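Enquirer: The structure file entry.cif (mmCIF, C-alpha atoms) is provided below.
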data_final
loop_
_atom_site.label_atom_id
_atom_site.label_comp_id
_atom_site.auth_asym_id
_atom_site.auth_seq_id
_atom_site.Cartn_x
_atom_site.Cartn_y
_atom_site.Cartn_z
CA MET A 1 96.00 -28.29 42.38
CA PRO A 2 95.66 -28.35 46.22
CA ASP A 3 92.44 -29.49 47.87
CA LEU A 4 90.00 -26.60 47.71
CA THR A 5 87.09 -27.97 49.72
CA ASP A 6 88.43 -26.69 53.06
CA THR A 7 89.08 -23.22 51.72
CA LEU A 8 86.65 -20.34 52.07
CA ILE A 9 86.89 -17.39 49.71
CA VAL A 10 85.62 -14.23 51.39
CA LEU A 11 84.64 -11.21 49.29
CA PRO A 12 83.97 -8.09 51.35
CA SER A 13 81.67 -6.01 49.17
CA PHE A 14 80.41 -2.49 49.62
CA ASN A 15 78.30 -1.28 46.70
CA GLU A 16 79.90 -3.61 44.17
CA GLU A 17 76.81 -4.55 42.12
CA GLY A 18 78.78 -3.90 38.93
CA SER A 19 81.41 -6.55 39.55
CA VAL A 20 80.50 -8.91 42.38
CA ALA A 21 78.54 -11.44 40.31
CA GLU A 22 81.32 -11.70 37.74
CA VAL A 23 83.95 -12.24 40.47
CA VAL A 24 81.81 -14.95 42.14
CA ARG A 25 81.35 -16.77 38.83
CA GLU A 26 85.08 -16.56 38.16
CA VAL A 27 85.86 -17.94 41.63
CA PHE A 28 83.64 -20.99 41.08
CA GLU A 29 84.98 -21.51 37.58
CA LYS A 30 88.68 -21.32 38.45
CA LEU A 31 88.43 -22.87 41.94
CA PRO A 32 85.97 -25.77 41.80
CA GLY A 33 84.80 -27.05 45.19
CA VAL A 34 85.74 -23.92 47.11
CA GLY A 35 83.37 -22.17 49.54
CA CYS A 36 82.48 -18.62 48.54
CA LEU A 37 81.10 -16.14 51.04
CA VAL A 38 80.21 -12.62 49.96
CA VAL A 39 79.95 -10.23 52.90
CA ASP A 40 77.59 -7.47 51.85
CA ASP A 41 78.91 -4.65 54.00
CA GLY A 42 75.75 -2.57 54.21
CA SER A 43 75.53 -1.93 50.47
CA ARG A 44 72.77 0.35 49.25
CA ASP A 45 72.76 -1.12 45.77
CA ASP A 46 71.95 -4.51 44.31
CA THR A 47 75.06 -6.30 45.63
CA PHE A 48 73.07 -8.73 47.76
CA SER A 49 70.75 -10.12 45.09
CA ARG A 50 73.40 -10.21 42.36
CA ALA A 51 75.83 -12.12 44.56
CA THR A 52 73.06 -14.51 45.62
CA ALA A 53 72.02 -15.06 42.03
CA ALA A 54 75.63 -15.85 41.12
CA GLY A 55 75.51 -18.70 43.63
CA ALA A 56 77.55 -17.30 46.52
CA LEU A 57 76.62 -17.50 50.16
CA VAL A 58 75.83 -13.95 51.16
CA ALA A 59 76.00 -12.57 54.69
CA GLN A 60 74.44 -9.15 54.94
CA LEU A 61 75.66 -6.63 57.50
CA PRO A 62 72.86 -4.23 58.48
CA PHE A 63 75.10 -1.18 57.98
CA ASN A 64 78.55 -0.39 56.61
CA LEU A 65 81.31 -1.46 58.99
CA GLY A 66 84.40 -1.61 56.79
CA VAL A 67 86.57 -4.39 55.40
CA GLY A 68 87.90 -5.41 58.81
CA ALA A 69 84.47 -6.20 60.20
CA ALA A 70 83.48 -7.99 57.01
CA MET A 71 86.57 -10.18 57.34
CA ARG A 72 85.86 -10.92 60.99
CA LEU A 73 82.53 -12.23 59.84
CA GLY A 74 84.31 -14.35 57.23
CA PHE A 75 86.72 -15.81 59.79
CA ARG A 76 83.86 -16.61 62.17
CA TYR A 77 81.86 -18.27 59.40
CA ALA A 78 84.94 -20.32 58.42
CA ILE A 79 85.45 -21.57 61.99
CA GLU A 80 81.77 -22.38 62.52
CA ASN A 81 81.57 -24.29 59.26
CA GLY A 82 84.82 -26.21 59.38
CA TYR A 83 86.91 -24.39 56.78
CA SER A 84 90.61 -24.30 57.60
CA ASN A 85 91.83 -21.63 55.15
CA VAL A 86 90.36 -18.21 54.41
CA VAL A 87 91.29 -16.25 51.29
CA GLN A 88 90.25 -12.62 50.99
CA ILE A 89 89.55 -11.37 47.47
CA ASP A 90 88.34 -7.89 46.54
CA ALA A 91 84.90 -7.85 44.97
CA ASP A 92 85.93 -5.19 42.45
CA GLY A 93 87.63 -7.74 40.24
CA GLN A 94 91.23 -6.55 40.55
CA HIS A 95 92.39 -9.86 42.07
CA ASP A 96 92.67 -12.91 39.82
CA PRO A 97 91.33 -16.04 41.58
CA ALA A 98 93.75 -18.08 39.45
CA SER A 99 96.48 -17.08 41.95
CA VAL A 100 94.68 -18.82 44.83
CA PRO A 101 96.05 -22.38 44.30
CA GLU A 102 99.61 -21.03 44.42
CA MET A 103 98.76 -19.17 47.65
CA LEU A 104 97.34 -22.37 49.17
CA VAL A 105 100.50 -24.28 48.26
CA GLN A 106 102.54 -21.64 50.12
CA LEU A 107 100.23 -21.97 53.14
CA ALA A 108 101.85 -25.36 53.79
CA ASP A 109 104.95 -23.49 55.10
CA VAL A 110 103.60 -20.18 56.37
CA ASP A 111 100.47 -18.90 58.10
CA ILE A 112 99.67 -15.88 55.94
CA VAL A 113 100.31 -15.42 52.22
CA ILE A 114 99.96 -11.96 50.71
CA ALA A 115 99.63 -11.76 46.94
CA ALA A 116 101.09 -8.39 46.00
CA ARG A 117 101.48 -6.49 42.80
CA PHE A 118 105.14 -6.52 41.86
CA ALA A 119 107.07 -3.67 40.34
CA GLY A 120 105.98 -2.73 36.86
CA VAL A 121 102.98 -5.03 36.67
CA GLY A 122 99.46 -3.98 37.44
CA GLU A 123 97.46 -1.10 36.25
CA TYR A 124 98.06 1.33 39.01
CA GLU A 125 101.15 3.29 39.92
CA ALA A 126 100.70 5.37 43.06
CA ARG A 127 102.23 8.84 43.29
CA GLY A 128 102.94 11.50 45.90
CA PRO A 129 101.83 11.05 49.52
CA ARG A 130 100.06 7.80 48.76
CA ARG A 131 103.26 6.34 47.39
CA TRP A 132 105.23 7.52 50.44
CA ALA A 133 102.62 5.99 52.68
CA MET A 134 102.79 2.65 50.89
CA ARG A 135 106.60 2.67 51.02
CA MET A 136 106.66 3.55 54.70
CA LEU A 137 104.15 0.84 55.51
CA ALA A 138 105.98 -1.74 53.43
CA ARG A 139 109.34 -0.97 55.03
CA THR A 140 108.08 -0.94 58.62
CA LEU A 141 105.92 -4.02 58.24
CA SER A 142 108.75 -5.89 56.55
CA ARG A 143 110.82 -5.30 59.67
CA VAL A 144 107.96 -6.28 62.00
CA THR A 145 107.12 -9.50 60.18
CA GLY A 146 110.71 -10.37 59.30
CA THR A 147 109.93 -10.93 55.64
CA ARG A 148 110.22 -8.70 52.61
CA LEU A 149 106.91 -7.01 51.81
CA THR A 150 106.53 -4.56 48.96
CA ASP A 151 102.78 -4.05 49.09
CA ALA A 152 101.62 -4.37 52.67
CA THR A 153 98.17 -2.95 51.95
CA SER A 154 97.22 -5.62 49.44
CA GLY A 155 93.81 -7.06 50.28
CA PHE A 156 94.56 -10.27 48.42
CA ARG A 157 95.68 -12.61 51.17
CA ALA A 158 95.30 -16.17 52.38
CA SER A 159 95.21 -17.21 56.04
CA GLY A 160 95.95 -20.74 57.19
CA PRO A 161 94.34 -22.48 60.20
CA ARG A 162 96.59 -20.88 62.84
CA ALA A 163 96.03 -17.42 61.37
CA VAL A 164 92.27 -17.95 61.20
CA ALA A 165 92.24 -18.96 64.87
CA VAL A 166 94.09 -15.76 65.84
CA PHE A 167 92.13 -13.44 63.53
CA VAL A 168 88.63 -14.62 64.45
CA ASN A 169 88.94 -12.83 67.81
CA ASN A 170 91.48 -10.18 66.90
CA TYR A 171 90.93 -8.89 63.39
CA PRO A 172 91.01 -5.09 63.60
CA ALA A 173 87.91 -3.29 62.40
CA GLU A 174 89.50 0.17 62.28
CA TYR A 175 90.30 1.93 59.04
CA LEU A 176 93.51 0.36 57.60
CA GLY A 177 93.55 -2.04 60.54
CA ASP A 178 92.61 -4.95 58.32
CA THR A 179 95.81 -4.58 56.32
CA VAL A 180 98.30 -2.84 58.62
CA GLU A 181 97.46 -3.78 62.18
CA SER A 182 96.52 -7.34 61.22
CA LEU A 183 100.13 -7.96 60.17
CA VAL A 184 101.45 -6.57 63.45
CA ILE A 185 99.04 -8.78 65.40
CA ALA A 186 100.02 -11.76 63.24
CA SER A 187 103.74 -11.41 63.81
CA ARG A 188 103.31 -10.81 67.54
CA SER A 189 101.22 -13.98 67.66
CA GLN A 190 104.15 -15.88 66.11
CA LEU A 191 102.45 -16.25 62.73
CA SER A 192 104.70 -16.31 59.69
CA VAL A 193 104.04 -14.15 56.63
CA ARG A 194 105.15 -14.50 53.03
CA GLN A 195 104.52 -12.35 49.99
CA ILE A 196 104.15 -13.81 46.53
CA PRO A 197 104.02 -11.73 43.35
CA THR A 198 100.84 -11.51 41.32
CA ALA A 199 99.48 -9.32 38.59
CA MET A 200 96.61 -7.02 39.49
CA ARG A 201 93.98 -6.29 36.91
CA ALA A 202 92.19 -3.05 36.28
CA ARG A 203 89.09 -2.81 38.42
CA ALA A 204 86.00 -4.21 36.79
CA ALA A 205 84.02 -1.27 38.16
CA GLY A 206 84.77 1.87 40.14
CA VAL A 207 87.80 4.18 40.03
CA PRO A 208 90.82 4.34 42.35
CA SER A 209 91.17 7.65 44.16
CA GLN A 210 94.22 9.74 43.25
CA ASN A 211 93.15 13.05 44.74
CA PRO A 212 96.22 14.65 46.47
CA ILE A 213 94.32 15.74 49.58
CA ARG A 214 92.90 12.27 49.99
CA SER A 215 96.35 10.81 49.48
CA ALA A 216 97.80 13.05 52.18
CA THR A 217 94.97 12.05 54.52
CA TYR A 218 95.75 8.46 53.70
CA LEU A 219 99.40 8.99 54.63
CA GLY A 220 98.42 10.53 57.97
CA ARG A 221 95.94 7.81 58.79
CA ALA A 222 98.42 5.12 57.76
CA MET A 223 101.02 6.55 60.14
CA ILE A 224 98.52 6.77 62.98
CA ALA A 225 97.28 3.23 62.34
CA LEU A 226 100.82 1.91 62.24
CA SER A 227 102.07 3.68 65.37
CA PHE A 228 99.09 2.60 67.43
CA ALA A 229 99.35 -0.95 66.15
CA LEU A 230 102.98 -1.02 67.30
CA MET A 231 102.23 0.70 70.63
CA ARG A 232 99.31 -1.52 71.51
CA PRO A 233 100.11 -3.92 74.37
CA LYS A 234 99.92 -7.55 73.43
CA SER A 235 97.84 -8.18 76.54
CA SER A 236 94.93 -6.36 74.91
CA TYR A 237 94.66 -8.94 72.11
CA GLY A 238 91.55 -11.02 72.35
CA MET A 239 90.03 -8.51 74.74
CA ASP A 240 87.44 -7.57 72.17
CA ALA A 241 83.90 -6.60 72.97
CA ASP A 242 82.72 -10.08 72.02
CA GLN A 243 84.85 -11.85 74.61
CA MET B 244 82.43 39.63 98.30
CA THR B 245 78.93 40.94 98.84
CA ILE B 246 76.42 38.85 100.74
CA THR B 247 74.32 38.55 97.54
CA ALA B 248 77.21 37.00 95.61
CA TYR B 249 77.87 34.66 98.53
CA ILE B 250 74.27 33.43 98.55
CA PHE B 251 74.16 33.23 94.73
CA GLY B 252 77.24 30.96 94.77
CA ILE B 253 75.78 28.63 97.37
CA VAL B 254 72.37 28.43 95.67
CA SER B 255 73.91 27.63 92.26
CA ALA B 256 76.09 24.94 93.74
CA LEU B 257 73.18 23.38 95.63
CA LEU B 258 71.02 23.48 92.49
CA SER B 259 73.58 21.64 90.39
CA LEU B 260 74.15 19.06 93.12
CA TRP B 261 70.40 18.59 93.50
CA LEU B 262 70.05 18.09 89.73
CA VAL B 263 72.70 15.34 89.69
CA ILE B 264 71.16 13.57 92.69
CA GLU B 265 67.66 13.85 91.22
CA LEU B 266 68.78 12.30 87.88
CA LEU B 267 70.54 9.53 89.77
CA ARG B 268 67.48 8.94 91.97
CA ARG B 269 65.22 8.59 88.93
CA GLY B 270 67.63 6.26 87.19
CA ARG B 271 68.23 8.73 84.37
CA LEU B 272 71.97 8.75 85.09
CA ARG B 273 74.09 5.73 85.93
CA GLU B 274 76.46 5.98 88.88
CA ARG B 275 79.54 5.31 86.78
CA HIS B 276 78.74 8.34 84.63
CA ALA B 277 77.64 10.50 87.55
CA VAL B 278 80.61 10.11 89.83
CA TRP B 279 82.51 13.09 88.37
CA TRP B 280 79.40 15.28 88.37
CA LEU B 281 78.71 14.36 91.98
CA GLY B 282 82.30 15.19 92.93
CA ALA B 283 82.09 18.53 91.13
CA GLY B 284 78.75 19.36 92.79
CA ILE B 285 80.06 18.63 96.28
CA PHE B 286 83.23 20.62 95.56
CA ALA B 287 81.08 23.56 94.40
CA VAL B 288 78.94 23.48 97.54
CA ILE B 289 81.96 23.39 99.84
CA ALA B 290 83.69 26.18 97.91
CA GLY B 291 80.47 28.20 97.96
CA ILE B 292 79.88 27.93 101.71
CA PHE B 293 83.53 28.21 102.79
CA PRO B 294 85.39 30.36 100.22
CA GLU B 295 88.41 30.40 102.59
CA THR B 296 89.04 26.73 101.71
CA VAL B 297 89.64 27.73 98.09
CA VAL B 298 91.96 30.57 99.12
CA TRP B 299 93.84 28.27 101.48
CA THR B 300 94.25 25.46 98.89
CA ALA B 301 95.32 27.93 96.21
CA GLY B 302 97.99 29.31 98.57
CA LEU B 303 99.15 25.76 99.25
CA LEU B 304 99.54 25.10 95.51
CA GLY B 305 101.23 28.44 94.88
CA ILE B 306 98.33 29.79 92.81
CA GLU B 307 98.30 33.59 93.23
CA VAL B 308 94.68 34.25 92.20
CA PRO B 309 92.48 31.70 94.00
CA ILE B 310 89.70 31.87 91.38
CA ASN B 311 92.14 30.25 88.93
CA LEU B 312 92.03 27.12 91.06
CA VAL B 313 88.25 27.02 90.58
CA PHE B 314 88.62 27.42 86.81
CA PHE B 315 91.31 24.76 86.69
CA VAL B 316 89.28 22.20 88.61
CA SER B 317 86.13 22.93 86.56
CA LEU B 318 87.99 22.44 83.26
CA ALA B 319 89.69 19.31 84.54
CA VAL B 320 86.32 17.78 85.42
CA LEU B 321 84.93 18.63 81.95
CA VAL B 322 87.96 17.11 80.20
CA ILE B 323 87.77 13.92 82.26
CA VAL B 324 84.05 13.51 81.58
CA CYS B 325 84.58 14.07 77.83
CA LEU B 326 87.34 11.48 77.71
CA GLN B 327 85.19 9.02 79.60
CA HIS B 328 82.38 9.56 77.08
CA SER B 329 84.73 8.95 74.13
CA ALA B 330 85.92 5.72 75.71
CA GLU B 331 82.34 4.60 76.35
CA LEU B 332 81.41 5.46 72.76
CA THR B 333 84.27 3.32 71.45
CA LEU B 334 83.09 0.42 73.57
CA LEU B 335 79.51 0.83 72.37
CA GLU B 336 80.63 0.96 68.73
CA ALA B 337 82.62 -2.24 69.17
CA ARG B 338 79.59 -3.93 70.72
CA THR B 339 77.26 -2.72 67.96
CA ARG B 340 79.70 -4.07 65.38
CA VAL B 341 79.83 -7.48 67.04
CA LEU B 342 76.04 -7.58 67.19
CA ALA B 343 75.82 -6.70 63.49
CA GLU B 344 78.29 -9.48 62.65
CA ARG B 345 76.34 -12.02 64.67
CA ILE B 346 73.03 -10.96 63.12
CA ALA B 347 74.47 -11.32 59.62
CA LEU B 348 75.63 -14.85 60.45
CA LEU B 349 72.27 -15.77 62.00
CA GLU B 350 70.37 -14.49 58.98
CA LEU B 351 72.66 -16.40 56.64
CA ARG B 352 72.09 -19.62 58.64
CA GLU B 353 68.35 -18.96 58.66
CA ARG B 354 68.28 -18.58 54.88
CA GLN B 355 70.38 -21.72 54.43
CA ASN B 356 68.03 -23.68 56.69
CA SER B 357 64.86 -22.47 55.03
CA GLY B 358 66.56 -23.25 51.73
CA THR B 359 64.57 -20.64 49.88
CA GLY B 360 67.61 -18.59 48.95
CA GLY B 361 65.22 -15.69 49.24
CA SER B 362 66.15 -12.07 49.68
CA ALA B 363 67.33 -10.84 53.05
CA ASP B 364 64.44 -8.43 53.02
CA ASP B 365 62.19 -11.35 53.96
CA LEU B 366 64.05 -11.50 57.25
CA THR B 367 65.26 -8.00 58.02
CA LEU B 368 62.64 -5.49 58.92
CA GLY B 369 62.62 -3.24 55.92
CA SER B 370 66.26 -2.16 55.89
#
Would you mind writing the file's structure down as structure tokens?
Expert:
Amino acid sequence: MPDLTDTLIVLPSFNEEGSVAEVVREVFEKLPGVGCLVVDDGSRDDTFSRATAAGALVAQLPFNLGVGAAMRLGFRYAIENGYSNVVQIDADGQHDPASVPEMLVQLADVDIVIAARFAGVGEYEARGPRRWAMRMLARTLSRVTGTRLTDATSGFRASGPRAVAVFVNNYPAEYLGDTVESLVIASRSQLSVRQIPTAMRARAAGVPSQNPIRSATYLGRAMIALSFALMRPKSSYGMDADQ
Amino acid sequence: MTITAYIFGIVSALLSLWLVIELLRRGRLRERHAVWWLGAGIFAVIAGIFPETVVWTAGLLGIEVPINLVFFVSLAVLVIVCLQHSAELTLLEARTRVLAERIALLELRERQNSGTGGSADDLTLGS
């Protein structure tokens, strides 16, 4: 097992009181020595105290800002506290922390490792517009990053030191930016990406949305996010409000 | 054009220009936001006092009905101001987000230092 003490697990959590404590306990159990930061993204439920009670460090955003902003916070915390790798895990329990050591091994060769559900495994088979959107994203982002991606929107990903240094000032906070635009920024910053297969579990709490109107909206927003990510001039990277 | 309409035009233009200048003078409007309103006010005053300038410019641009030039310029100013506001709003949102991120980190450090592990509600003001 690779050294875990310089790895920070970040769990962006928005109203995840039903699952966050269990995920934190599982992280500590399967990954001894790792740092675990829960970013409470303006939750209105008991996420903060349950995560704290489970032993995680908890940073509390005063209002909901989305996964991207929560991850920016995670990257900044990692840099300020001397962690070299950051692994994002969903707080709803669908990602198995047991995959993290394999991701860290891969980080020796590449800058970003995405753990993606592979065909036929995992509880959730997308249909209709949502499926088209995921296909379109996977195909385009595969071309951009020069590696084969089947599930570009997976939130289960590990970033090595070079990726953390790029993302701390550049991680997009827009909707879908954290998954889609972050990969465009990564490849334009000469970061390498690799996807490894993993099984996704059913969510410990909450239900995935399969409403057709929502799926169509998702497709539209995915296309907008992708086109603007590709059109954005590289000179605007790092020109964030906090510079 | 009747003399009443002529005077009405000039008075309206002067009023709007006066309003912009007054807001600027009292610091209720920042220059960078007021520059388009100032331009529009001055344009309105000139067009009000010398309507021939509008007719002349419209002829120059090939616009057959001069009043259309006035409508076009008015709409253009409104669109530009709206776009400027959207851009400013985006900037403000980005800044608010960065502030929120920094506050969350500061509060986390504060809790770690005090070592109480207590609830964030001890530190945030009744969120």
Enquirer: Please measure the separation of atom CA of Leu149 of chain A and atom CA of Met1 of chain A, giving the value in Å to one decimal.
Expert: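 Going from atom CA of Leu149 of chain A over to atom CA of Met1 of chain A covers 25.7 Å.
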Enquirer: Select residues of chain B: the criterion is any atom within 7 Å of an atom of chain A, counting all atoms listed in the file; output as a ChimeraX atom specification.
Expert: /B:337-338,341,343-344,347-348,351,362
Enquirer: For the structure provided, state which residues fall under the PyMOL selection byres ((chain A and resi 161) around 9), and present them as a list of chain:residue names.
Expert: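 Selected by the PyMOL selection byres ((chain A and resi 161) around 9) here: A:Tyr83, A:Ser84, A:Asn85, A:Val86, A:Asp111, A:Ser159, A:Gly160, A:Arg162, A:Ala163, A:Val164, A:Ala165, A:Val166.
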Enquirer: Counting only C-alpha atoms, figure out which residue out of A:Leu176, A:Ala116, A:Met136, A:Ala91 gets nearest to Ala199 of chain A.
Expert: A:Ala116
Enquirer: What residues come out when you apply the PyMOL selection byres ((chain A and resi 6) around 12) to this file, written as a ChimeraX atom specification?
Expert: /A:2-5,7-9,31-36,78-79,81-87,104,160-161
Enquirer: Hey, can you spit out that residue selection with C-alpha atoms as a PDB file, in the frame of the given file?
Expert:
ATOM      1  CA  PRO A   2      95.660 -28.350  46.220  1.00  0.00           C
ATOM      2  CA  ASP A   3      92.440 -29.490  47.870  1.00  0.00           C
ATOM      3  CA  LEU A   4      90.000 -26.600  47.710  1.00  0.00           C
ATOM      4  CA  THR A   5      87.090 -27.970  49.720  1.00  0.00           C
ATOM      5  CA  THR A   7      89.080 -23.220  51.720  1.00  0.00           C
ATOM      6  CA  LEU A   8      86.650 -20.340  52.070  1.00  0.00           C
ATOM      7  CA  ILE A   9      86.890 -17.390  49.710  1.00  0.00           C
ATOM      8  CA  LEU A  31      88.430 -22.870  41.940  1.00  0.00           C
ATOM      9  CA  PRO A  32      85.970 -25.770  41.800  1.00  0.00           C
ATOM     10  CA  GLY A  33      84.800 -27.050  45.190  1.00  0.00           C
ATOM     11  CA  VAL A  34      85.740 -23.920  47.110  1.00  0.00           C
ATOM     12  CA  GLY A  35      83.370 -22.170  49.540  1.00  0.00           C
ATOM     13  CA  CYS A  36      82.480 -18.620  48.540  1.00  0.00           C
ATOM     14  CA  ALA A  78      84.940 -20.320  58.420  1.00  0.00           C
ATOM     15  CA  ILE A  79      85.450 -21.570  61.990  1.00  0.00           C
ATOM     16  CA  ASN A  81      81.570 -24.290  59.260  1.00  0.00           C
ATOM     17  CA  GLY A  82      84.820 -26.210  59.380  1.00  0.00           C
ATOM     18  CA  TYR A  83      86.910 -24.390  56.780  1.00  0.00           C
ATOM     19  CA  SER A  84      90.610 -24.300  57.600  1.00  0.00           C
ATOM     20  CA  ASN A  85      91.830 -21.630  55.150  1.00  0.00           C
ATOM     21  CA  VAL A  86      90.360 -18.210  54.410  1.00  0.00           C
ATOM     22  CA  VAL A  87      91.290 -16.250  51.290  1.00  0.00           C
ATOM     23  CA  LEU A 104      97.340 -22.370  49.170  1.00  0.00           C
ATOM     24  CA  GLY A 160      95.950 -20.740  57.190  1.00  0.00           C
ATOM     25  CA  PRO A 161      94.340 -22.480  60.200  1.00  0.00           C
TER      26      PRO A 161
END
Enquirer: I'd like the interatomic distance between atom CA of Arg135 of chain A and atom CA of Thr150 of chain A, to a tenth of an Å.
Expert: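 Pair atom CA of Arg135 of chain A / atom CA of Thr150 of chain A returns 7.5 Å.
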Enquirer: Tell me which of B:Ala248, B:Leu332, B:Val322, B:Leu258 sits closest to Leu281 of chain B, counting only C-alpha atoms.
Expert: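 Using only C-alpha atoms, the shortest distance to Leu281 of chain B belongs to B:Leu258.
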